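Novice: Contents of final-v1.txt (compact mmCIF, C-alpha atoms) are given next:
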```txt
# COMPACT_ATOMS: atom_id res chain seq x y z
CA MET A 1197 -15.98 34.64 -21.35
CA THR A 1198 -17.68 37.88 -20.33
CA ASP A 1199 -19.02 38.43 -23.86
CA LYS A 1200 -20.27 34.84 -24.04
CA LEU A 1201 -22.12 35.15 -20.73
CA LYS A 1202 -23.77 38.36 -21.85
CA SER A 1203 -24.76 36.80 -25.17
CA ILE A 1204 -26.75 34.07 -23.39
CA GLY A 1205 -28.57 36.51 -21.14
CA PHE A 1206 -26.35 37.14 -18.13
CA LEU A 1207 -25.96 40.66 -16.76
CA GLY A 1208 -22.69 41.80 -15.23
CA SER A 1209 -22.89 43.06 -11.66
CA GLN A 1210 -22.17 46.74 -11.12
CA ALA A 1211 -21.11 46.08 -7.52
CA ASP A 1212 -18.80 43.11 -8.21
CA HIS A 1213 -17.28 42.69 -11.66
CA SER A 1214 -16.62 38.98 -11.02
CA LEU A 1215 -20.37 38.30 -10.63
CA PHE A 1216 -22.90 37.67 -13.40
CA VAL A 1217 -26.63 37.12 -12.91
CA TYR A 1218 -29.22 35.47 -15.17
CA HIS A 1219 -32.86 36.15 -14.30
CA HIS A 1220 -35.67 35.03 -16.58
CA ASN A 1221 -39.17 34.24 -15.30
CA SER A 1222 -38.61 31.99 -12.25
CA ILE A 1223 -35.08 30.95 -13.27
CA LEU A 1224 -32.25 32.63 -11.37
CA ILE A 1225 -28.59 31.70 -11.94
CA TYR A 1226 -25.49 33.19 -10.31
CA PHE A 1227 -22.11 32.92 -12.01
CA LEU A 1228 -18.96 33.93 -10.11
CA ILE A 1229 -15.58 33.81 -11.85
CA TYR A 1230 -12.11 34.60 -10.55
CA ILE A 1231 -9.29 33.90 -13.06
CA ASN A 1232 -9.72 30.14 -13.69
CA ASP A 1233 -12.04 29.30 -10.80
CA ILE A 1234 -15.81 29.40 -11.30
CA ILE A 1235 -18.83 28.94 -9.06
CA ILE A 1236 -22.24 28.54 -10.68
CA THR A 1237 -25.46 28.05 -8.76
CA GLY A 1238 -29.12 28.79 -9.20
CA SER A 1239 -32.74 27.79 -8.82
CA ASP A 1240 -32.89 25.24 -11.67
CA ILE A 1241 -30.30 22.47 -12.19
CA GLY A 1242 -31.37 21.91 -15.80
CA SER A 1243 -30.72 25.53 -16.71
CA ILE A 1244 -27.35 25.41 -14.95
CA ASN A 1245 -26.35 22.34 -16.99
CA ARG A 1246 -27.39 24.10 -20.21
CA VAL A 1247 -25.20 27.10 -19.34
CA ILE A 1248 -22.23 24.78 -18.69
CA THR A 1249 -22.82 23.01 -22.03
CA LEU A 1250 -22.93 26.35 -23.89
CA LEU A 1251 -19.68 27.47 -22.29
CA GLN A 1252 -17.97 24.16 -23.06
CA GLY A 1253 -18.54 24.87 -26.76
CA ASP A 1254 -16.12 27.81 -26.59
CA PHE A 1255 -14.01 27.25 -23.47
CA ALA A 1256 -12.23 24.40 -21.71
CA VAL A 1257 -14.74 24.33 -18.86
CA LYS A 1258 -14.88 21.24 -16.66
CA ASP A 1259 -17.76 20.46 -14.33
CA MET A 1260 -16.17 19.54 -10.97
CA GLY A 1261 -19.48 18.70 -9.29
CA GLU A 1262 -20.64 20.19 -5.99
CA LEU A 1263 -18.59 23.03 -4.55
CA SER A 1264 -15.73 21.70 -2.43
CA PHE A 1265 -12.78 24.07 -3.01
CA PHE A 1266 -12.61 27.63 -4.28
CA LEU A 1267 -9.46 29.76 -4.11
CA ASN A 1268 -7.96 27.46 -1.43
CA ILE A 1269 -11.14 27.73 0.64
CA GLU A 1270 -12.78 24.42 1.48
CA ALA A 1271 -16.58 24.25 1.50
CA ILE A 1272 -17.83 21.53 3.86
CA ARG A 1273 -21.53 20.68 4.02
CA THR A 1274 -22.94 19.33 7.28
CA ASP A 1275 -26.30 19.12 9.00
CA ASP A 1276 -25.44 22.41 10.76
CA GLY A 1277 -24.82 24.31 7.52
CA LEU A 1278 -21.89 25.18 5.25
CA TYR A 1279 -18.45 25.51 6.83
CA LEU A 1280 -15.87 27.61 4.98
CA SER A 1281 -12.47 26.31 6.04
CA GLN A 1282 -8.82 27.01 5.27
CA ARG A 1283 -7.42 24.23 7.45
CA CYS A 1284 -5.16 22.86 4.70
CA TYR A 1285 -3.76 26.34 4.10
CA ILE A 1286 -3.17 26.76 7.85
CA LEU A 1287 -1.33 23.46 7.90
CA ASP A 1288 0.93 24.62 5.06
CA LEU A 1289 1.70 27.83 6.97
CA LEU A 1290 2.56 25.89 10.11
CA MET A 1291 4.87 23.59 8.18
CA ARG A 1292 6.51 26.47 6.31
CA SER A 1293 7.18 28.41 9.49
CA LYS A 1294 8.26 25.25 11.36
CA MET A 1295 5.52 25.85 13.90
CA ASP A 1296 3.71 22.53 13.37
CA LYS A 1297 5.25 21.16 16.60
CA ALA A 1298 4.66 24.32 18.65
CA LYS A 1299 2.50 24.37 21.75
CA PRO A 1300 -0.99 25.78 21.05
CA CYS A 1301 -2.43 28.83 22.85
CA LEU A 1302 -5.95 30.05 23.53
CA THR A 1303 -5.87 33.54 21.97
CA PRO A 1304 -4.07 35.01 18.94
CA MET A 1305 -2.65 38.03 20.77
CA SER A 1306 -1.33 39.00 24.18
CA THR A 1307 -3.24 41.62 26.16
CA SER A 1308 -0.12 42.75 28.04
CA LEU A 1309 2.47 43.23 25.28
CA PRO A 1310 1.87 46.37 23.16
CA LEU A 1311 3.67 46.33 19.80
CA SER A 1312 5.73 49.28 18.60
CA LYS A 1313 7.95 49.76 15.57
CA PHE A 1314 10.54 51.62 17.65
CA ALA A 1315 11.31 48.96 20.27
CA GLY A 1316 13.24 45.70 20.23
CA ILE A 1317 15.92 43.90 18.23
CA THR A 1318 15.71 43.63 14.45
CA PHE A 1319 14.43 40.24 13.26
CA HIS A 1320 17.11 38.30 11.38
CA ASP A 1321 14.90 37.15 8.46
CA PRO A 1322 12.57 39.92 7.20
CA SER A 1323 11.64 37.92 4.08
CA LEU A 1324 10.33 35.05 6.22
CA TYR A 1325 8.33 37.51 8.31
CA GLU A 1326 6.76 39.07 5.22
CA SER A 1327 6.00 35.70 3.66
CA ILE A 1328 4.24 34.32 6.74
CA VAL A 1329 2.31 37.53 7.45
CA ARG A 1330 1.06 37.71 3.85
CA GLY A 1331 -0.04 34.11 4.22
CA LEU A 1332 -1.89 35.02 7.40
CA GLN A 1333 -3.61 37.89 5.61
CA TYR A 1334 -5.19 35.41 3.21
CA LEU A 1335 -6.67 33.54 6.19
CA SER A 1336 -8.75 36.58 7.09
CA PHE A 1337 -11.26 35.53 4.39
CA THR A 1338 -12.65 32.81 6.69
CA ARG A 1339 -11.20 33.66 10.11
CA PRO A 1340 -12.49 37.00 11.44
CA ASP A 1341 -11.25 35.97 14.89
CA ILE A 1342 -7.62 36.66 13.88
CA VAL A 1343 -8.21 39.82 11.83
CA PHE A 1344 -7.06 42.25 14.53
CA ALA A 1345 -3.90 40.28 15.34
CA ILE A 1346 -3.03 40.11 11.62
CA HIS A 1347 -3.69 43.84 11.28
CA LYS A 1348 -1.16 44.54 14.04
CA VAL A 1349 1.68 42.36 12.75
CA SER A 1350 1.13 43.55 9.17
CA LYS A 1351 2.22 47.05 10.16
CA PHE A 1352 5.80 45.94 10.74
CA MET A 1353 6.67 44.16 7.48
CA ASP A 1354 9.10 46.90 6.42
CA ASN A 1355 11.29 46.49 9.50
CA PRO A 1356 10.19 43.59 11.74
CA MET A 1357 11.61 43.17 15.23
CA GLU A 1358 12.01 40.02 17.32
CA MET A 1359 8.96 40.98 19.38
CA HIS A 1360 6.91 41.24 16.18
CA TRP A 1361 8.00 37.76 15.11
CA ALA A 1362 7.01 36.49 18.57
CA ALA A 1363 3.54 37.97 17.96
CA VAL A 1364 3.34 36.18 14.60
CA LYS A 1365 4.32 32.90 16.23
CA ARG A 1366 1.56 33.38 18.80
CA ILE A 1367 -0.99 33.71 15.98
CA LEU A 1368 0.36 30.49 14.47
CA ARG A 1369 0.18 28.72 17.83
CA TYR A 1370 -3.45 29.84 18.16
CA LEU A 1371 -4.19 28.59 14.65
CA LYS A 1372 -2.70 25.21 15.51
CA HIS A 1373 -5.07 25.07 18.48
CA THR A 1374 -8.03 26.00 16.24
CA ILE A 1375 -7.05 24.48 12.89
CA SER A 1376 -10.53 22.93 12.50
CA HIS A 1377 -12.36 26.18 13.27
CA SER A 1378 -14.22 27.53 10.26
CA LEU A 1379 -16.77 30.15 9.28
CA LEU A 1380 -20.27 28.71 9.56
CA ILE A 1381 -22.98 29.80 7.10
CA GLN A 1382 -26.49 28.52 7.82
CA PRO A 1383 -29.68 28.55 5.76
CA THR A 1384 -32.02 31.34 6.80
CA ALA A 1385 -35.12 33.11 5.59
CA ASN A 1386 -34.04 36.24 7.48
CA VAL A 1387 -32.47 38.72 5.03
CA THR A 1388 -32.31 41.63 7.48
CA LEU A 1389 -28.96 43.43 7.51
CA GLN A 1390 -27.39 44.59 10.74
CA THR A 1391 -23.89 45.85 11.42
CA PHE A 1392 -21.78 46.30 14.54
CA SER A 1393 -19.34 49.20 14.39
CA ASP A 1394 -16.56 50.02 16.84
CA ALA A 1395 -13.31 51.96 17.20
CA ASP A 1396 -10.42 51.86 19.64
CA TRP A 1397 -9.47 55.51 20.00
CA ALA A 1398 -5.80 56.54 19.65
CA SER A 1399 -4.73 52.94 20.28
CA ASP A 1400 -1.53 52.98 18.23
CA PRO A 1401 1.39 53.97 20.50
CA ASP A 1402 3.50 55.12 17.54
CA ASP A 1403 1.16 57.60 15.80
CA ARG A 1404 -2.01 57.60 17.96
CA ARG A 1405 -4.27 56.67 15.09
CA SER A 1406 -7.41 54.78 15.95
CA VAL A 1407 -8.44 51.33 14.79
CA GLY A 1408 -11.93 51.08 13.28
CA ALA A 1409 -13.84 47.88 12.60
CA TYR A 1410 -17.24 46.56 11.58
CA CYS A 1411 -19.08 43.24 11.20
CA VAL A 1412 -22.02 42.90 8.82
CA TYR A 1413 -24.64 40.19 9.37
CA LEU A 1414 -27.26 38.96 6.92
CA GLY A 1415 -29.74 37.35 9.27
CA ASN A 1416 -27.52 35.42 11.67
CA ASN A 1417 -24.71 34.92 9.17
CA LEU A 1418 -21.56 37.05 9.18
CA VAL A 1419 -21.00 38.15 5.57
CA SER A 1420 -18.46 40.99 5.79
CA TRP A 1421 -15.93 42.32 8.28
CA SER A 1422 -13.07 44.78 8.39
CA CYS A 1423 -10.36 46.02 10.73
CA LYS A 1424 -8.34 49.03 9.58
CA GLN A 1425 -6.27 51.80 11.04
CA GLN A 1426 -7.88 55.15 10.35
CA GLN A 1427 -6.00 57.45 8.00
CA THR A 1428 -6.12 60.53 10.24
CA VAL A 1429 -5.68 61.11 13.96
CA ALA A 1430 -9.08 61.51 15.66
CA ARG A 1431 -9.29 64.38 18.12
CA SER A 1432 -11.89 62.58 20.22
CA SER A 1433 -13.32 59.12 20.79
CA THR A 1434 -16.54 60.34 19.16
CA GLY A 1435 -14.60 61.30 16.05
CA SER A 1436 -13.01 57.86 15.75
CA GLU A 1437 -16.33 56.10 16.38
CA TYR A 1438 -18.08 58.25 13.80
CA LYS A 1439 -15.41 57.49 11.21
CA ALA A 1440 -15.98 53.78 11.89
CA LEU A 1441 -19.74 54.37 11.50
CA ALA A 1442 -19.21 56.00 8.11
CA ASN A 1443 -17.05 53.10 6.88
CA ALA A 1444 -19.65 50.60 8.07
CA ALA A 1445 -22.44 52.58 6.38
CA ALA A 1446 -20.50 52.55 3.09
CA GLU A 1447 -20.06 48.77 3.31
CA LEU A 1448 -23.78 48.35 4.00
CA GLN A 1449 -24.61 50.34 0.88
CA TRP A 1450 -22.37 48.07 -1.21
CA ILE A 1451 -23.90 44.90 0.25
CA LYS A 1452 -27.39 46.22 -0.40
CA SER A 1453 -26.40 46.79 -4.04
CA VAL A 1454 -25.11 43.22 -4.36
CA LEU A 1455 -28.27 41.80 -2.77
CA ASN A 1456 -30.48 43.82 -5.12
CA GLU A 1457 -28.60 42.40 -8.12
CA LEU A 1458 -28.97 38.91 -6.68
CA GLY A 1459 -32.72 39.44 -6.51
CA VAL A 1460 -32.77 39.75 -2.71
CA PRO A 1461 -33.84 43.36 -2.04
CA SER A 1462 -33.79 44.69 1.51
CA VAL A 1463 -37.29 45.06 2.93
CA HIS A 1464 -36.20 46.74 6.16
CA SER A 1465 -33.63 49.48 6.69
CA PRO A 1466 -30.31 48.07 7.95
CA ILE A 1467 -29.50 48.61 11.63
CA LEU A 1468 -26.08 49.95 12.57
CA TRP A 1469 -25.11 49.27 16.19
CA CYS A 1470 -22.62 51.54 17.96
CA ASP A 1471 -21.48 51.59 21.60
CA ASN A 1472 -20.66 55.31 21.66
CA ILE A 1473 -23.75 57.24 22.76
CA ARG A 1474 -22.45 60.58 21.44
CA ALA A 1475 -21.86 59.14 17.97
CA THR A 1476 -25.41 57.75 17.86
CA TYR A 1477 -26.82 61.13 18.95
CA LEU A 1478 -24.93 62.83 16.12
CA THR A 1479 -26.82 60.82 13.53
CA SER A 1480 -30.13 62.36 14.57
CA ASN A 1481 -29.26 65.65 16.29
CA PRO A 1482 -27.75 68.34 14.02
CA ILE A 1483 -27.22 70.68 16.99
CA PHE A 1484 -24.02 68.79 17.78
CA HIS A 1485 -22.67 69.53 14.32
CA ALA A 1486 -21.16 72.91 15.24
CA ARG A 1487 -18.86 71.21 17.75
CA THR A 1488 -17.73 68.46 15.38
CA LYS A 1489 -16.52 70.17 12.21
CA HIS A 1490 -13.48 67.90 12.07
CA ILE A 1491 -15.77 64.97 11.18
CA GLU A 1492 -18.04 66.94 8.85
CA ILE A 1493 -17.88 64.65 5.78
CA ASP A 1494 -18.56 61.50 7.80
CA PHE A 1495 -21.36 63.32 9.62
CA HIS A 1496 -23.13 64.28 6.40
CA TYR A 1497 -22.67 60.85 4.81
CA VAL A 1498 -24.22 58.90 7.71
CA ARG A 1499 -26.84 61.49 8.63
CA ASP A 1500 -28.06 61.71 5.03
CA GLN A 1501 -28.82 57.98 5.03
CA VAL A 1502 -30.55 58.23 8.40
CA VAL A 1503 -32.76 61.13 7.24
CA ARG A 1504 -33.72 59.22 4.06
CA GLY A 1505 -34.68 56.18 6.13
CA GLN A 1506 -31.97 54.07 4.48
CA LEU A 1507 -30.17 53.42 7.74
CA ILE A 1508 -31.02 53.12 11.42
CA VAL A 1509 -28.29 53.83 13.99
CA ARG A 1510 -28.80 52.48 17.48
CA PHE A 1511 -26.82 52.37 20.70
CA ILE A 1512 -25.57 49.05 22.07
CA SER A 1513 -23.81 48.28 25.33
CA SER A 1514 -20.07 47.59 25.10
CA LYS A 1515 -20.57 44.14 26.60
CA ASP A 1516 -22.80 43.25 23.62
CA GLN A 1517 -20.45 44.74 21.03
CA TYR A 1518 -19.40 41.89 18.72
CA THR A 1519 -16.69 43.98 17.05
CA ASP A 1520 -14.53 44.21 20.19
CA ALA A 1521 -12.55 41.21 18.94
CA LEU A 1522 -11.60 43.19 15.81
CA THR A 1523 -10.30 46.30 17.59
CA LYS A 1524 -8.22 45.09 20.56
CA PRO A 1525 -6.62 42.04 22.20
CA LEU A 1526 -8.95 40.37 24.70
CA PRO A 1527 -8.77 37.90 27.59
CA SER A 1528 -9.54 34.32 26.59
CA VAL A 1529 -13.05 34.08 28.11
CA ARG A 1530 -14.28 37.26 26.44
CA PHE A 1531 -12.50 36.40 23.19
CA HIS A 1532 -14.05 32.94 22.95
CA THR A 1533 -17.52 34.36 23.52
CA LEU A 1534 -17.06 36.89 20.71
CA ARG A 1535 -15.48 34.27 18.45
CA ASP A 1536 -18.68 32.30 18.72
CA ASN A 1537 -20.69 35.44 17.89
CA LEU A 1538 -18.46 35.92 14.83
CA ARG A 1539 -19.71 32.50 13.65
CA VAL A 1540 -16.27 30.88 13.86
CA ARG A 1541 -17.06 27.35 14.97
CA SER A 1542 -15.19 24.07 15.23
CA LEU A 1543 -16.00 21.46 12.62
CA PRO A 1544 -17.95 18.43 13.83
CA PHE A 1545 -15.59 15.95 15.48
CA ARG A 1546 -16.05 13.32 12.77
CA LEU A 1547 -14.61 15.74 10.17
CA GLN A 1548 -11.52 16.74 12.14
CA GLY A 1549 -9.56 13.52 11.66
CA CYS A 1550 -8.67 14.28 8.05
CA VAL A 1551 -6.50 17.19 9.20
CA GLU A 1552 -4.51 14.88 11.47
CA GLU A 1553 -4.08 12.47 8.55
CA GLN A 1554 -2.80 15.32 6.35
CA VAL A 1555 -0.29 16.28 9.05
CA LYS A 1556 1.03 12.73 9.14
CA GLU A 1557 1.18 12.57 5.33
CA LYS A 1558 3.13 15.83 5.10
CA GLU A 1559 5.51 14.77 7.88
CA HIS A 1560 6.06 11.44 6.14
CA ALA A 1561 6.68 13.18 2.80
CA ALA A 1562 9.16 15.58 4.42
CA THR A 1563 11.01 12.68 6.10
CA THR A 1564 11.13 10.72 2.83
CA THR A 1565 12.48 13.71 0.92
CA LYS A 1566 15.15 14.32 3.57
CA SER A 1567 16.21 10.64 3.49
CA ALA A 1568 16.39 10.70 -0.32
CA ARG A 1569 18.61 13.78 -0.27
CA THR A 1570 20.87 12.19 2.33
```
Kindly present the structure from the file in C-alpha cells form.
Specialist:
Amino acid sequence: MTDKLKSIGFLGSQADHSLFVYHHNSILIYFLIYINDIIITGSDIGSINRVITLLQGDFAVKDMGELSFFLNIEAIRTDDGLYLSQRCYILDLLMRSKMDKAKPCLTPMSTSLPLSKFAGITFHDPSLYESIVRGLQYLSFTRPDIVFAIHKVSKFMDNPMEMHWAAVKRILRYLKHTISHSLLIQPTANVTLQTFSDADWASDPDDRRSVGAYCVYLGNNLVSWSCKQQQTVARSSTGSEYKALANAAAELQWIKSVLNELGVPSVHSPILWCDNIRATYLTSNPIFHARTKHIEIDFHYVRDQVVRGQLIVRFISSKDQYTDALTKPLPSVRFHTLRDNLRVRSLPFRLQGCVEEQVKEKEHAATTTKSART
C-alpha cells in the first residue's frame, strides 16, 4: 500500500513511518495505517473519498464511516470534544482477572507501601501476573493517570511477589472506579508546545535509580507522556532532573518534526517547565558545567537548543508541576487535581450507561456458558 499511496501523491513521514501526508494547493490529507487499521482525514471530503476509491481498486479497503474504534481505542465525540476511551478493554481486564466484583478505590497506588523485588512471598501464578500487567501497559495509551503505577508493577514480571500482585489489584480496583474516565482532546487554535519535566531522585529502593517523566501539551491538549526509570544512577537530584529535561527535549524535537510534516509548524519556541532551580540555571549558565561533568552529554544537548532559541527552559513551583503524578504515588486530593490537569475526564453521564450494559451482557454470557458446560 505504501507504493500506491506514494504513486497518488502522498509523502511518507520521516518522523512516523505509519503516517502519510498529501498536500496539494489547499487540500491536505492525513493517512495513518497500522497493520489492517487505517485512519484517513483531511480538509476536503471529496478528495478523501477519491483516495478511498483509488485504494479500493487494488486493496480490500472498506469505508467504516466516522472514526469510532482504532486499535481497541474508542473515539467518542461530544459537545466537549473528542474522548479517547478504553473502557471496553478495561472491562475485559477486570473480567479476566476476576476483579469485576472488587471494591473500587480512589487512587491507583498506595503512598505508604514501597515495592521491592527482594521482599515478600512469591506469587503463585506468574503467568497471570505478566498477562494482566501487559494488558495494563496497553491502557497507558489513553490513561496517563496510571502510568506511574504501571511502571512500578512492570518491574517485577520476572519474579512477582504477593505484594506486587496486591499492587496490581489496586490498579484494577481504581480502574473499576474510573472505567468511564477517558483522555479528552478539544479543538483549539493554540498550537504552542509546552512540556512539564520532573524526576524523583534515587526513588528505587533496590538500585537507587531515579524515575524521570514528562508531559507534552499542544495548546491545552496532552499529546505525549512518559514515565521511565533512568538507565544510570544519578549522583545528585540535579543530575536526575537534567536527564529528565534531556529526554523531554528529545520528545519535543520529535513532535515538532511531526507537526511540520502535518503542515502545522511551530511559531514559538516550546517551553520546558522544570521544578529544579539548579537544572534550569544549567541551561543558561555554563559556569556550572565544571561541577557537573557526569551529566555532560545531557547538558550539551539541552543547552545547544536553548542557545539556538529552539527551546525555552523555565522554573515552575513543585505545587504546579503536572508531572508529579507520573513520578510518585500521591494522596487522593493531590492526585485527582493532577489527573484533571492530565486531561483525564469522566465521560458525560448519558454515555456511561453503555458500560453497565456491557457488564451485564458479559456476566450473562459467562453464566450461560457455565450452565451449558454443566
Novice: Quick check, in Å to one decimal: how far apart do CA of Leu1287 (chain A) and CA of Met1357 (chain A) lie?
Specialist: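 Answer for the CA of Leu1287 (chain A) to CA of Met1357 (chain A) separation: 24.7 Å.
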Novice: Please, what distance in Å, to one decimal, runs between CA of Leu1371 (chain A) and CA of Ser1312 (chain A)?
Specialist: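 One can read the CA of Leu1371 (chain A) to CA of Ser1312 (chain A) distance as 23.3 Å.
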Novice: Restricting the calculation to all atoms listed in the file: of A:Leu1302, A:Val1419, A:Leu1414, A:Ala1395, which residue gets closest to Thr1434 (chain A)?
Specialist: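 Smallest distance to Thr1434 (chain A) is found for A:Ala1395.
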Novice: Please compute the CA of Leu1324 (chain A)-CA of Ile1342 (chain A) distance, one decimal, in Å.
Specialist: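 About the pair CA of Leu1324 (chain A) and CA of Ile1342 (chain A): they are 19.6 Å apart.
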Novice: For Leu1335 (chain A), list every protein, DNA or RNA residue within 12 Å, evaluated using all atoms listed in the file, and leave out those in the same chain fewer than 5 positions away; present the list as a count of residues only.
Specialist: 31
Novice: Quick one: residues within 8 Å of Phe1319 (chain A), only C-alpha atoms, excluding same-chain residues fewer than 5 positions away - as a list of chain:residue names?
Specialist: A:Asn1355, A:Pro1356, A:Met1357, A:Glu1358, A:Trp1361
Novice: So that I can check the surroundings of Ala1444 (chain A), please list as a PyMOL selection string every protein, DNA and RNA residue that reaches within 9 Å of it, counting all atoms listed in the file and ignoring chain neighbours fewer than 2 positions away.
Specialist: chain A and resi 1391-1393+1409-1412+1422+1439-1442+1446-1449+1468
Novice: Could you check the closest approach to Phe1344 (chain A) for each of A:Gly1261, A:Pro1304, A:Gly1238, A:Gly1316 and tell me which residue wins, using all atoms listed in the file?
Specialist: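 Residue with the minimum atom-to-atom distance to Phe1344 (chain A): A:Pro1304.
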Novice: At a cut-off of 7 Å around the point (-27.6, 35.5, -18.3) (file coordinates), what residues fall inside when counting only C-alpha atoms? I'd like the answer as a list in words.
Specialist: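 Residues with an atom at most 7 Å from (-27.6, 35.5, -18.3): Leu1201, Lys1202, Ile1204, Gly1205, Phe1206, Leu1207, Val1217, Tyr1218 and His1219 of chain A.
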Novice: Go through A:Ile1234, A:Val1454, A:Arg1474, A:Gln1382 and flag the residue nearest Lys1258 (chain A), using all atoms listed in the file for the distances.
Specialist: A:Ile1234
Novice: Between A:Ala1475, A:Lys1372, A:Asn1417, A:Arg1504, which one has atoms that come closest to Asp1296 (chain A), using all atoms listed in the file?
Specialist: A:Lys1372
Novice: Could you rebuild region 1278-1285 of chain A with all heavy atoms and give it back as a PDB file, in the frame of the given file?
Specialist:
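rebuild.pdb was written with the following content:
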```pdb
ATOM      1  N   LEU A1278     -23.080  25.215   6.106  1.00  0.00           N
ATOM      2  CA  LEU A1278     -21.890  25.180   5.250  1.00  0.00           C
ATOM      3  C   LEU A1278     -20.721  25.799   6.009  1.00  0.00           C
ATOM      4  O   LEU A1278     -20.772  26.959   6.425  1.00  0.00           O
ATOM      5  CB  LEU A1278     -22.147  25.964   3.963  1.00  0.00           C
ATOM      6  CG  LEU A1278     -21.006  26.001   2.950  1.00  0.00           C
ATOM      7  CD1 LEU A1278     -20.784  24.628   2.324  1.00  0.00           C
ATOM      8  CD2 LEU A1278     -21.299  27.035   1.856  1.00  0.00           C
ATOM      9  N   TYR A1279     -19.667  25.019   6.198  1.00  0.00           N
ATOM     10  CA  TYR A1279     -18.450  25.510   6.830  1.00  0.00           C
ATOM     11  C   TYR A1279     -17.457  25.937   5.741  1.00  0.00           C
ATOM     12  O   TYR A1279     -17.195  25.167   4.810  1.00  0.00           O
ATOM     13  CB  TYR A1279     -17.793  24.435   7.695  1.00  0.00           C
ATOM     14  CG  TYR A1279     -18.500  24.142   8.994  1.00  0.00           C
ATOM     15  CD1 TYR A1279     -19.520  23.189   9.055  1.00  0.00           C
ATOM     16  CD2 TYR A1279     -18.148  24.803  10.161  1.00  0.00           C
ATOM     17  CE1 TYR A1279     -20.160  22.905  10.251  1.00  0.00           C
ATOM     18  CE2 TYR A1279     -18.782  24.531  11.362  1.00  0.00           C
ATOM     19  CZ  TYR A1279     -19.791  23.577  11.398  1.00  0.00           C
ATOM     20  OH  TYR A1279     -20.416  23.308  12.595  1.00  0.00           O
ATOM     21  N   LEU A1280     -16.925  27.136   5.868  1.00  0.00           N
ATOM     22  CA  LEU A1280     -15.870  27.610   4.980  1.00  0.00           C
ATOM     23  C   LEU A1280     -14.554  27.519   5.740  1.00  0.00           C
ATOM     24  O   LEU A1280     -14.355  28.215   6.742  1.00  0.00           O
ATOM     25  CB  LEU A1280     -16.139  29.042   4.523  1.00  0.00           C
ATOM     26  CG  LEU A1280     -17.444  29.262   3.755  1.00  0.00           C
ATOM     27  CD1 LEU A1280     -17.598  30.722   3.354  1.00  0.00           C
ATOM     28  CD2 LEU A1280     -17.507  28.370   2.515  1.00  0.00           C
ATOM     29  N   SER A1281     -13.666  26.648   5.273  1.00  0.00           N
ATOM     30  CA  SER A1281     -12.470  26.310   6.040  1.00  0.00           C
ATOM     31  C   SER A1281     -11.206  26.513   5.209  1.00  0.00           C
ATOM     32  O   SER A1281     -11.196  26.290   4.001  1.00  0.00           O
ATOM     33  CB  SER A1281     -12.552  24.859   6.512  1.00  0.00           C
ATOM     34  OG  SER A1281     -11.339  24.444   7.092  1.00  0.00           O
ATOM     35  N   GLN A1282     -10.138  26.928   5.892  1.00  0.00           N
ATOM     36  CA  GLN A1282      -8.820  27.010   5.270  1.00  0.00           C
ATOM     37  C   GLN A1282      -7.808  26.177   6.066  1.00  0.00           C
ATOM     38  O   GLN A1282      -6.645  26.528   6.197  1.00  0.00           O
ATOM     39  CB  GLN A1282      -8.361  28.473   5.195  1.00  0.00           C
ATOM     40  CG  GLN A1282      -9.131  29.296   4.168  1.00  0.00           C
ATOM     41  CD  GLN A1282      -8.714  30.756   4.161  1.00  0.00           C
ATOM     42  OE1 GLN A1282      -9.172  31.542   4.979  1.00  0.00           O
ATOM     43  NE2 GLN A1282      -7.851  31.117   3.227  1.00  0.00           N
ATOM     44  N   ARG A1283      -8.264  25.050   6.576  1.00  0.00           N
ATOM     45  CA  ARG A1283      -7.420  24.230   7.450  1.00  0.00           C
ATOM     46  C   ARG A1283      -6.194  23.690   6.724  1.00  0.00           C
ATOM     47  O   ARG A1283      -5.124  23.603   7.321  1.00  0.00           O
ATOM     48  CB  ARG A1283      -8.242  23.092   8.051  1.00  0.00           C
ATOM     49  CG  ARG A1283      -9.015  22.253   7.033  1.00  0.00           C
ATOM     50  CD  ARG A1283      -9.908  21.237   7.702  1.00  0.00           C
ATOM     51  NE  ARG A1283     -10.660  20.482   6.715  1.00  0.00           N
ATOM     52  CZ  ARG A1283     -11.348  19.388   6.987  1.00  0.00           C
ATOM     53  NH1 ARG A1283     -11.393  18.940   8.218  1.00  0.00           N
ATOM     54  NH2 ARG A1283     -12.010  18.749   6.045  1.00  0.00           N
ATOM     55  N   CYS A1284      -6.333  23.341   5.449  1.00  0.00           N
ATOM     56  CA  CYS A1284      -5.160  22.860   4.700  1.00  0.00           C
ATOM     57  C   CYS A1284      -4.147  23.977   4.500  1.00  0.00           C
ATOM     58  O   CYS A1284      -2.936  23.752   4.572  1.00  0.00           O
ATOM     59  CB  CYS A1284      -5.610  22.294   3.349  1.00  0.00           C
ATOM     60  SG  CYS A1284      -6.662  20.850   3.471  1.00  0.00           S
ATOM     61  N   TYR A1285      -4.640  25.181   4.270  1.00  0.00           N
ATOM     62  CA  TYR A1285      -3.760  26.340   4.100  1.00  0.00           C
ATOM     63  C   TYR A1285      -3.058  26.661   5.419  1.00  0.00           C
ATOM     64  O   TYR A1285      -1.866  27.005   5.433  1.00  0.00           O
ATOM     65  CB  TYR A1285      -4.590  27.526   3.627  1.00  0.00           C
ATOM     66  CG  TYR A1285      -3.779  28.724   3.212  1.00  0.00           C
ATOM     67  CD1 TYR A1285      -3.152  28.774   1.976  1.00  0.00           C
ATOM     68  CD2 TYR A1285      -3.630  29.807   4.076  1.00  0.00           C
ATOM     69  CE1 TYR A1285      -2.395  29.873   1.601  1.00  0.00           C
ATOM     70  CE2 TYR A1285      -2.891  30.909   3.711  1.00  0.00           C
ATOM     71  CZ  TYR A1285      -2.276  30.937   2.473  1.00  0.00           C
ATOM     72  OH  TYR A1285      -1.519  32.032   2.110  1.00  0.00           O
TER      73      TYR A1285
END
```
